[in-house]
Amino acid sequence: AQEKKIFMVQGPYPIIRRLLRARGWVERKAPSTGRQQEQHCGDQNRQRLQTAPSSGGARQREEEEQCDEDPLGIHQLMSYLARDQLPNFIWTNFLETVDHQLLRDDSVLNHYARVDAFTTKEGLCLSLQNLPWIEQADPNAFFPRCYWLGTRDDREAFIEDFRLTAARSLLKLALEEAGDRPVRTEQVPNSDNGEGDWHGSHISHPKHSTAQPGSPLYPELVEEALEVCKQHLGVLQHEDIDRNTPSPCRTCIDWDNFLQQYYRVAHEGAGLVLTRHQRKQCQNLLQSLAEKLPQLDMEGKLNVWILKPGAESQGRGIICMTRLEEMLQLAWSCTAASVQVGRWVVQKYVERLMTIFGTKFDIRQWFVVTDWKPLTVWFYQDCYLRFCSRPFSLHHLERARHLCNVSVQKWYKTSPDQDPRVPPDKIWSNKQFQEYLAQVGQADAWHEVLVPGMKAAILNALRSARDRVRFRKGNFELYGADFVVGENLQPWLLEINSCPTMSPSSAVTRQLCANVQRDTLCLVLDRKDNPTCSIGAFELIYKE
């Protein structure tokens with residue numbers, strides 16, 4: 001008789017267990033799984049388990065499901081008989097919990113080591129900074145610029161970036177106030193109309209509060225901003241010739257005063273006065289800078305940045321901010337046990353983003369790496385959207401409006417001013433998104449802009465980090481990449497998760513999570529012996 005295959009599952013993966021049993025595989029129970037995970041996760045995760053809503057109920061349901069699937073105890077008996085057998089296949093949520101004495105030479109494991117080079121915010125930030133030296137690719141074309149505040153060089157680079165962004169933003173605000181671009185206010189589309197104007201109803205332009213009568217004016221601000229932007233443009237035009245060109249942020253401008261004045265214009269409604277000559281200068285400068293800065297349009301004009309603990313997940317500790325001194329103070333004064341001093345990254349917030357029914361969303365996109373030498377990447381052709389609980393606004397920076405993570409949004413009720421067409425469970429499938437794009441006249445955007453952009457961003461992230469990953473032949477890993485979508489429908493990579501949740505929060509994710517687990521098993525188990533077997537929605541997008 002053919003030898004039974006042995007598998008081990010650690011973590012909340014009832015679908016994997018069910019699928020492998022259906023193949024005739026026998027489970028070797030993981031020893032003291034709960035204790036190992038508790039030791040691995042530490043005090044912070046223990047607290048998270050205690051405070052997470054209904055987590056106990058979910059565990060109880062999982063145990064009940066296992067009992068329902070094994071009413072005669074046959075699987076339990078087989079597991080007992082296999083208790084001393086080394087598993088052929090291990091699926092776990094944490095690589096560190098695996099006892100490596102259990103690994104056979106041909107064991108298949110669902111993780112690689114040292115993937116934190118691209119699966120933590122800190123690691124991805126640092127790896128993509130090196131991308132231009134590895135590939136002919138510019139991370140600024142797909143990854144909002146990002147800095148790790150733990151190093152002096154990055155900290156100084158961020159301060160300079162913030163200042164330069166403030167100067168560019170001031171020129172945009174000045175042009176807007178002078179009437180070059182009419183102020184377009186935030187709006188939620190009328191709920192009785194399924195269609196709408198693409199550039200009106202479905203794109204959010206945050207409202208800029210114009211100056212009140214008697215508000216102080218700062219005519220010298222525009223001249224200072226113009227001078228800074230001119231110098232920066234000169235640096236950008238000559239950076240390939242002379243890398244020692246002095247930074248425009250080290251000129252005689254009083255930056256503390258400039259930023260305080262900028263805050264008053266951007267956030268408090270103070271007015272600006274533009275001469276006709278200044279207006280033309282602003283237009284020409286911004287146009288020239290746009291040719292050199294791929295993020296100039298998406299960065300908006302309010303200089304919003306997002307501060308993130310470098311090694312956290314599920315939205316923990318993330319906050320949106322607009323003032324430089326407050327960001328630096330928070331990063332260096334935080335006493336949370338989970339955040340070591342300096343272990344923060346700060347990233348430019350995508351201000352000009354696409355919204356649906358006036359609400360921010362992001363995309364969770366799966367992919368699998370089955371080999372690093374040669375690098376082999378499979379893209380999953382189904383994915384899902386995650387919506388926020390409240391309408392998008394850059395003048396209200398609370399988490400409910402800006403962080404799409406399910407683990408964040410589950411704490412918030414849908415606000416009364418939310419468009420009723422936003423799904424109650426705050427999830428859409430990519431098929432629903434494609435239908436929506438067709439309704440607003442962008443039927444080809446998914447296949448021609450979004451999918452190619454996500455694939456390119458994923459591959460560039462992997463290439464930037466591959467030299468740091470510890471590779472074991474036969475292993476594989478399923479990842480979840482998160483993207484937001486810009487006004488022009490360009491996807492912007494935010495982060496990559498090494499252990500994407502498979503716990504469904506909606507009917508859509510219940511089906512999609514089950515499908516991706518099924519197809520992953522087909523990809524990594526069946527394809528070895530049968531290269532033409534079905535691998536579901538997976539598509540090979542790269543093999544060196």
# chains A, B, ... in the order shown; residues from 1 in each chain; ligands from 1
call {"tool": "residues_around", "arguments": {"residues": "Pro391 of chain A", "least_positions_apart": "3", "cutoff": "12 Å", "atoms": "only C-alpha atoms", "output": "PyMOL selection string"}}
result
chain A and resi 186-189+204+206+355-361+387-388+394-404+414-422
call {"tool": "select_by_dssp", "arguments": {"residues": "segment 293-384 of chain A", "states": "strand (DSSP E or B)", "output": "number ranges by chain"}}
result
A: 305-309, 319-321, 344-348, 353-354, 356, 359, 361-372, 375-384
call {"tool": "write_last_selection", "arguments": {"atoms": "C-alpha atoms", "output": "PDB file, in the first residue's frame"}}
result
ATOM      1  CA  TRP A 305       2.652  61.737   6.194  1.00  0.00           C
ATOM      2  CA  ILE A 306       1.951  58.419   7.872  1.00  0.00           C
ATOM      3  CA  LEU A 307       4.060  57.259  10.813  1.00  0.00           C
ATOM      4  CA  LYS A 308       4.391  53.498  11.324  1.00  0.00           C
ATOM      5  CA  PRO A 309       6.173  51.243  13.839  1.00  0.00           C
ATOM      6  CA  ILE A 319      -0.971  57.496  12.707  1.00  0.00           C
ATOM      7  CA  CYS A 320      -1.378  60.210  10.042  1.00  0.00           C
ATOM      8  CA  MET A 321       0.277  63.564  10.783  1.00  0.00           C
ATOM      9  CA  TRP A 344       9.719  53.940  13.114  1.00  0.00           C
ATOM     10  CA  VAL A 345       9.256  54.508   9.423  1.00  0.00           C
ATOM     11  CA  VAL A 346       7.564  57.580   8.006  1.00  0.00           C
ATOM     12  CA  GLN A 347       5.978  57.448   4.569  1.00  0.00           C
ATOM     13  CA  LYS A 348       4.365  60.017   2.306  1.00  0.00           C
ATOM     14  CA  LEU A 353      -6.162  58.835  -4.292  1.00  0.00           C
ATOM     15  CA  MET A 354      -9.145  57.182  -5.854  1.00  0.00           C
ATOM     16  CA  ILE A 356     -15.321  54.705  -4.142  1.00  0.00           C
ATOM     17  CA  THR A 359     -14.580  56.306   0.807  1.00  0.00           C
ATOM     18  CA  PHE A 361     -10.147  51.572   0.034  1.00  0.00           C
ATOM     19  CA  ASP A 362      -7.082  49.431  -0.502  1.00  0.00           C
ATOM     20  CA  ILE A 363      -6.405  46.164  -2.347  1.00  0.00           C
ATOM     21  CA  ARG A 364      -5.107  42.950  -0.773  1.00  0.00           C
ATOM     22  CA  GLN A 365      -3.282  41.060  -3.517  1.00  0.00           C
ATOM     23  CA  TRP A 366      -1.855  37.555  -3.003  1.00  0.00           C
ATOM     24  CA  PHE A 367       1.219  36.056  -4.627  1.00  0.00           C
ATOM     25  CA  VAL A 368       3.421  33.004  -4.010  1.00  0.00           C
ATOM     26  CA  VAL A 369       7.181  32.561  -4.292  1.00  0.00           C
ATOM     27  CA  THR A 370       8.086  28.919  -4.954  1.00  0.00           C
ATOM     28  CA  ASP A 371      11.808  29.455  -5.516  1.00  0.00           C
ATOM     29  CA  TRP A 372      14.445  32.149  -4.982  1.00  0.00           C
ATOM     30  CA  LEU A 375      13.323  33.574  -8.445  1.00  0.00           C
ATOM     31  CA  THR A 376       9.886  32.171  -9.330  1.00  0.00           C
ATOM     32  CA  VAL A 377       6.746  34.215  -8.646  1.00  0.00           C
ATOM     33  CA  TRP A 378       3.065  33.354  -9.056  1.00  0.00           C
ATOM     34  CA  PHE A 379       0.405  36.069  -9.065  1.00  0.00           C
ATOM     35  CA  TYR A 380      -3.134  35.283  -7.875  1.00  0.00           C
ATOM     36  CA  GLN A 381      -5.716  36.629 -10.285  1.00  0.00           C
ATOM     37  CA  ASP A 382      -8.388  37.150  -7.618  1.00  0.00           C
ATOM     38  CA  CYS A 383      -8.086  39.662  -4.810  1.00  0.00           C
ATOM     39  CA  TYR A 384     -10.287  41.873  -2.644  1.00  0.00           C
TER      40      TYR A 384
END
call {"tool": "closest_residue", "arguments": {"among": "A:Leu293, A:Arg386, A:His238, A:Val222", "to": "Val273 of chain A", "atoms": "only C-alpha atoms"}}
result
A:Val222
call {"tool": "residues_around", "arguments": {"residues": "Tyr262 of chain A", "least_positions_apart": "5", "cutoff": "12 Å", "atoms": "only C-alpha atoms", "output": "JSON, numbers by chain"}}
result
{"A": [162, 163, 164, 165, 166, 167, 168, 169, 170, 171, 172, 173, 174, 217, 218, 219, 220, 221, 222, 224, 225, 255, 256, 257, 267, 268, 269, 270, 271, 272, 301, 302, 303, 322, 323, 324]}
call {"tool": "write_last_selection", "arguments": {"atoms": "C-alpha atoms", "output": "JSON list (two decimals), in the first residue's frame"}}
result
[["chain", "number", "residue", "atom", "x", "y", "z"],
["A", 162, "PHE", "CA", 9.19, 67.32, 4.32],
["A", 163, "ARG", "CA", 10.50, 70.85, 3.84],
["A", 164, "LEU", "CA", 10.72, 70.56, 0.06],
["A", 165, "THR", "CA", 7.23, 69.06, -0.07],
["A", 166, "ALA", "CA", 5.95, 71.99, 2.00],
["A", 167, "ALA", "CA", 7.48, 74.44, -0.49],
["A", 168, "ARG", "CA", 5.91, 72.66, -3.48],
["A", 169, "SER", "CA", 2.60, 72.40, -1.63],
["A", 170, "LEU", "CA", 2.63, 76.13, -0.97],
["A", 171, "LEU", "CA", 2.96, 76.82, -4.69],
["A", 172, "LYS", "CA", 0.01, 74.53, -5.37],
["A", 173, "LEU", "CA", -2.08, 76.26, -2.70],
["A", 174, "ALA", "CA", -1.12, 79.67, -4.07],
["A", 217, "LEU", "CA", -1.22, 87.47, 4.41],
["A", 218, "TYR", "CA", 2.32, 86.22, 3.79],
["A", 219, "PRO", "CA", 3.53, 87.54, 0.41],
["A", 220, "GLU", "CA", 7.18, 86.67, 1.20],
["A", 221, "LEU", "CA", 6.25, 83.01, 1.62],
["A", 222, "VAL", "CA", 5.64, 82.54, -2.09],
["A", 224, "GLU", "CA", 10.76, 81.79, -0.46],
["A", 225, "ALA", "CA", 8.94, 78.72, -1.81],
["A", 255, "TRP", "CA", 12.75, 76.80, 7.89],
["A", 256, "ASP", "CA", 11.11, 76.80, 11.31],
["A", 257, "ASN", "CA", 9.37, 80.06, 10.49],
["A", 267, "HIS", "CA", -4.45, 74.03, 7.73],
["A", 268, "GLU", "CA", -5.76, 77.27, 9.20],
["A", 269, "GLY", "CA", -7.02, 79.18, 6.18],
["A", 270, "ALA", "CA", -4.49, 82.04, 6.08],
["A", 271, "GLY", "CA", -4.45, 83.78, 2.71],
["A", 272, "LEU", "CA", -1.82, 84.20, 0.01],
["A", 301, "LYS", "CA", -0.77, 69.90, -1.09],
["A", 302, "LEU", "CA", -1.36, 69.32, 2.63],
["A", 303, "ASN", "CA", 1.93, 67.45, 3.31],
["A", 322, "THR", "CA", 0.96, 66.90, 9.10],
["A", 323, "ARG", "CA", 3.55, 68.65, 11.30],
["A", 324, "LEU", "CA", 7.22, 67.81, 11.20]]
call {"tool": "residues_around", "arguments": {"residues": "segment 126-143 of chain A", "least_positions_apart": "3", "cutoff": "6 Å", "atoms": "only C-alpha atoms", "output": "PyMOL selection string"}}
result
chain A and resi 123+294+464-465+492-493
call {"tool": "closest_residue", "arguments": {"among": "A:Leu521, A:Glu176, A:Ile90, A:Lys121", "to": "Val265 of chain A", "atoms": "only C-alpha atoms"}}
result
A:Glu176
call {"tool": "closest_residue", "arguments": {"among": "A:Ile74, A:Leu95, A:Ala290, A:Ala481", "to": "Gln10 of chain A", "atoms": "only C-alpha atoms"}}
result
A:Leu95
call {"tool": "select_by_dssp", "arguments": {"residues": "segment 371-478 of chain A", "states": "alpha helix (DSSP H)", "output": "JSON, numbers by chain"}}
result
{"A": [399, 400, 401, 402, 406, 407, 408, 409, 430, 431, 432, 433, 434, 435, 436, 437, 438, 439, 445, 451, 452, 453, 454, 455, 456, 457, 458, 459, 460, 461, 462, 463, 464, 465]}
call {"tool": "residues_around", "arguments": {"residues": "Pro504 of chain A", "least_positions_apart": "6", "cutoff": "9 Å", "atoms": "only C-alpha atoms", "output": "PDB file with N, CA and C atoms, in the first residue's frame"}}
result
ATOM      1  N   ARG A 510     -14.511  34.818   2.650  1.00  0.00           N
ATOM      2  CA  ARG A 510     -14.684  33.392   2.975  1.00  0.00           C
ATOM      3  C   ARG A 510     -14.428  32.538   1.737  1.00  0.00           C
ATOM      4  N   GLN A 511     -14.947  32.985   0.596  1.00  0.00           N
ATOM      5  CA  GLN A 511     -14.760  32.225  -0.635  1.00  0.00           C
ATOM      6  C   GLN A 511     -13.347  32.376  -1.177  1.00  0.00           C
ATOM      7  N   LEU A 512     -12.842  33.623  -1.215  1.00  0.00           N
ATOM      8  CA  LEU A 512     -11.525  33.853  -1.807  1.00  0.00           C
ATOM      9  C   LEU A 512     -10.403  33.238  -0.986  1.00  0.00           C
ATOM     10  N   CYS A 513     -10.488  33.330   0.337  1.00  0.00           N
ATOM     11  CA  CYS A 513      -9.444  32.740   1.183  1.00  0.00           C
ATOM     12  C   CYS A 513      -9.418  31.220   1.038  1.00  0.00           C
ATOM     13  N   ALA A 514     -10.595  30.602   0.941  1.00  0.00           N
ATOM     14  CA  ALA A 514     -10.651  29.158   0.729  1.00  0.00           C
ATOM     15  C   ALA A 514     -10.039  28.794  -0.622  1.00  0.00           C
TER      16      ALA A 514
END
call {"tool": "atom_distance", "arguments": {"atom1": "atom CA of Ala157 of chain A", "atom2": "atom CA of Gly480 of chain A"}}
result
29.3 Å
call {"tool": "residues_around", "arguments": {"residues": "Asp70 of chain A", "least_positions_apart": "6", "cutoff": "12 Å", "atoms": "only C-alpha atoms", "output": "PDB file with C-alpha atoms, in the first residue's frame"}}
result
ATOM      1  CA  ARG A  17      -6.354  20.781   7.350  1.00  0.00           C
ATOM      2  CA  ARG A  18      -9.599  19.870   5.592  1.00  0.00           C
ATOM      3  CA  ARG A  21      -7.307  15.207   4.884  1.00  0.00           C
ATOM      4  CA  ALA A  22      -9.444  15.035   1.757  1.00  0.00           C
ATOM      5  CA  GLU A  63     -12.710  23.278  17.429  1.00  0.00           C
ATOM      6  CA  GLU A  64     -16.394  22.505  16.889  1.00  0.00           C
ATOM      7  CA  GLN A  76      -7.787  11.670  15.789  1.00  0.00           C
ATOM      8  CA  LEU A  77      -6.775   8.003  15.845  1.00  0.00           C
ATOM      9  CA  MET A  78      -4.674   8.346  12.698  1.00  0.00           C
ATOM     10  CA  SER A  79      -2.938  11.391  14.198  1.00  0.00           C
TER      11      SER A  79
END
